[in-house]
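> This is the structure, below, for whatever I ask next.
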Amino acid sequence: MARLDVTQIRALIVRHKRWDIIFGVVGIVCLAIGLMTFATLFVDMLLDGYTRLKPDFFTSFPSRRAGEAGILSAWVGTTLVMIVTAAVAVPLGVAAGIYLEEYAPSNWMTDIIEINISNLAGVPSIVYGLLALGLFVYQFGLGQSIATAGLTLALLILPVVIVATREAIRAIPSAIREAAYALGATRWQVVQGHILPYSMGGILTGVIIGMARAIGETAPIITIGALTFIAFLPPSPVTTELPFLSFEWLKSPFTVMPIQIFNWTSRPDPAFHANAAAAGFILVFMTLAMNGLAIWLRYRIRRNIKW
Amino acid sequence: MSGSDVAILDPAMPPSQSRLAYRPSRHIKEKVIEAMLLLAAMVSVFTTLGIVYILLSESVDFFRHVPLIDFLTDTQWTPLFDDAHFGIMVLMSGTLTSSAVALLVAIPLGTIIALYLSEFANSRVREIVKPLLELLSGVPTIVYGYFALMFVTPLLQKLIPELPGFNLLSAGIVMGIMIVPTVSSIAEDAMRAVPMNLREGSYAMGATRLQTALKVVVPASFSGIMAAYILGISRAVGETMILAVAAGMQPNLTWNPLEPAATITAYIVQVALGDLPHGSVGYQTIFAAGLTLMLITLIFNILGYWLRRKYREQY
């Protein structure tokens, strides 16, 4: 009887271990589905679009003939919009992060700000487009300009920058703050001399991830009414006359890479689909490079800093 | 040597002139900086207020033209026709059907990946796979839209020959794949936060890995897993470009994922692509649609908050 029990228990163990192995295999298969989809997407874009990936694709304007169309206005537009986005989102996000970590008293107002930020991160991006349409385009009279798009995307990625800043600041041990305060430093001196420099790497990582997200955002920019066919460049920011800098480009109509891809994808003529694939490949490559850089930076920071 | 550097060392100097004296300028500067930082932090609050204000004020105008009861019960959505109908159910059906397809893909895949990475995989695999999954979530949605229309739909048409070129199924599947990293990374964080001694207790009783994972780790991290699902749902409901590209923009009251249908978000894109005059009823519809979208995400968020509180485990 006792011997029978042992064999039964052994059979039970074998059966349970078999389930372990089965689940392990299922897990790997699920991972493979996710990663293979991604690889397929990347290869599919490349195969569909590689005939168009030539230098003149980058230097031509969109055209009615698919073979002559290029992404000049799109990548210039994307670059300019990203400059505005970074110029707004980085100072605001970092300042907000510093406030919440170093200054904020624990009261209801701080709670409201914190709840707000986590809620904003869950708001669909197209709603930011509606906000921009109602507020920036019509109430502020900024029109369908680079400035509007840059501000919209800045608001969109603000939570990303704030959260990254807070995490980077939180990783700094409080002994460093206490040492500085003990020497009579004011709050701002502590922030300027210690908190900011030590959290720079983490903030940079967050900014890059935020920008990678902004670069691919389509919905909010379509919603503000950006034109899809732009065959000219915004006015140059550098001029020959004093003061050599011009901000006319902020008010210029524009197009960006995702909108150009959307435009080409929604045309029935398959020749344009090759253009969409080529531009899509470039866009994926750009976001991958940015995200990869951020991941690498984070890895390096983690390895190098030992408090 | 009249600098303040030596003043502190000079006992003859009265304290009011020493370096330690109260200097108002220093405090004013601190206060100004603090106020500026607070202002930056308040931008997020202003953004929320702005969203609420814009959506409500334009929607109020809209509901002056269209009774709320028609908006909720009408079965047609033809706001730009002469015979205008404003039945939001038509767009809602597209949004909910495509989200359901996406979640049928994202929740099983995301949960299994999270369990595998947290309980089964060794740290080397985890270190390699997690960044790769992060990259997956960084792909622009318009690119996923292209992929759904040009790759997944033709593939599905080989299995289901009568599938139209625009359909909710392929958009939903691709959307699900896009959401997998979001779900898996948050669920995995929650599972990893389960204290080790709970697992050790389970192993000590002779449980296998799978038994420990399903009967100890999942219940203990249930509130975090729910949070992951809720975020996945909000992403699916708010997703725009995949649907605008691959699901068509034709309003269609259907719960069948094999049909084309416009979603709330795709409708907003469609209107924004045309040029409707500012202030017209057609222009206001997109704000009413946006308000509906916000309310749907809000309902799911409240549900998630409630579930999290109900099932929260404290260690």
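By order in the structure tokens, chains are A, B, ...; within a chain, residues start at 1; ligands start at 1, following the order shown.
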Chain B near chain A within 6 Å: what's each residue's closest atom pair and its distance in Å to one decimal, counting only C-alpha atoms, ordered by chain then ascending residue number, as a tab-separated table?

```
residue	atom	partner	partner_atom	distance
B:Leu37	CA	A:Ala95	CA	5.2
B:Ala40	CA	A:Ala96	CA	5.1
B:Ala41	CA	A:Ala96	CA	4.0
B:Ile51	CA	A:Leu131	CA	5.3
B:Leu109	CA	A:Cys30	CA	5.8
B:Ile112	CA	A:Gly27	CA	5.8
B:Ile113	CA	A:Gly27	CA	5.7
B:Tyr116	CA	A:Gly27	CA	5.4
B:Val139	CA	A:Val284	CA	5.9
B:Pro140	CA	A:Gly216	CA	4.5
B:Val143	CA	A:Gly280	CA	5.8
B:Leu210	CA	A:Asp20	CA	5.4
B:Gly238	CA	A:Pro124	CA	4.6
B:Ala272	CA	A:Thr223	CA	5.1
```
> Where does region 103-161 of chain B meet region 250-269 of chain B within 12 Å, residue by residue, with the nearest atom pair and distance in Å to one decimal for each, counting only C-alpha atoms, listed by chain and rising number, as JSON lines?

```
{"residue": "B:Gly145", "atom": "CA", "partner": "B:Ala266", "partner_atom": "CA", "distance": 12.0}
{"residue": "B:Leu149", "atom": "CA", "partner": "B:Pro260", "partner_atom": "CA", "distance": 11.9}
{"residue": "B:Thr153", "atom": "CA", "partner": "B:Leu258", "partner_atom": "CA", "distance": 10.6}
{"residue": "B:Leu156", "atom": "CA", "partner": "B:Leu258", "partner_atom": "CA", "distance": 10.2}
{"residue": "B:Gln157", "atom": "CA", "partner": "B:Leu258", "partner_atom": "CA", "distance": 10.4}
{"residue": "B:Ile160", "atom": "CA", "partner": "B:Leu258", "partner_atom": "CA", "distance": 9.1}
{"residue": "B:Pro161", "atom": "CA", "partner": "B:Leu258", "partner_atom": "CA", "distance": 10.9}
```
> Store the residues picked out above, limited to C-alpha atoms, as a CSV table (one decimal), in the first residue's frame.

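Full text of part09.csv as output:
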```csv
chain,number,residue,atom,x,y,z
B,145,GLY,CA,-2.0,51.0,-39.4
B,149,LEU,CA,-4.0,47.2,-44.0
B,153,THR,CA,-5.6,42.0,-44.0
B,156,LEU,CA,-6.6,37.1,-43.1
B,157,GLN,CA,-8.2,37.2,-46.5
B,160,ILE,CA,-11.5,34.2,-44.7
B,161,PRO,CA,-12.0,34.9,-48.4
```
> Check the smallest atom-to-atom distance from each of B:Ala187, B:Ile69, B:Met92, B:Val45 to Pro108 (chain B) using only C-alpha atoms, then report the winner.
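Comparing B:Ala187, B:Ile69, B:Met92, B:Val45 against Pro108 (chain B), the winner is B:Ala187.
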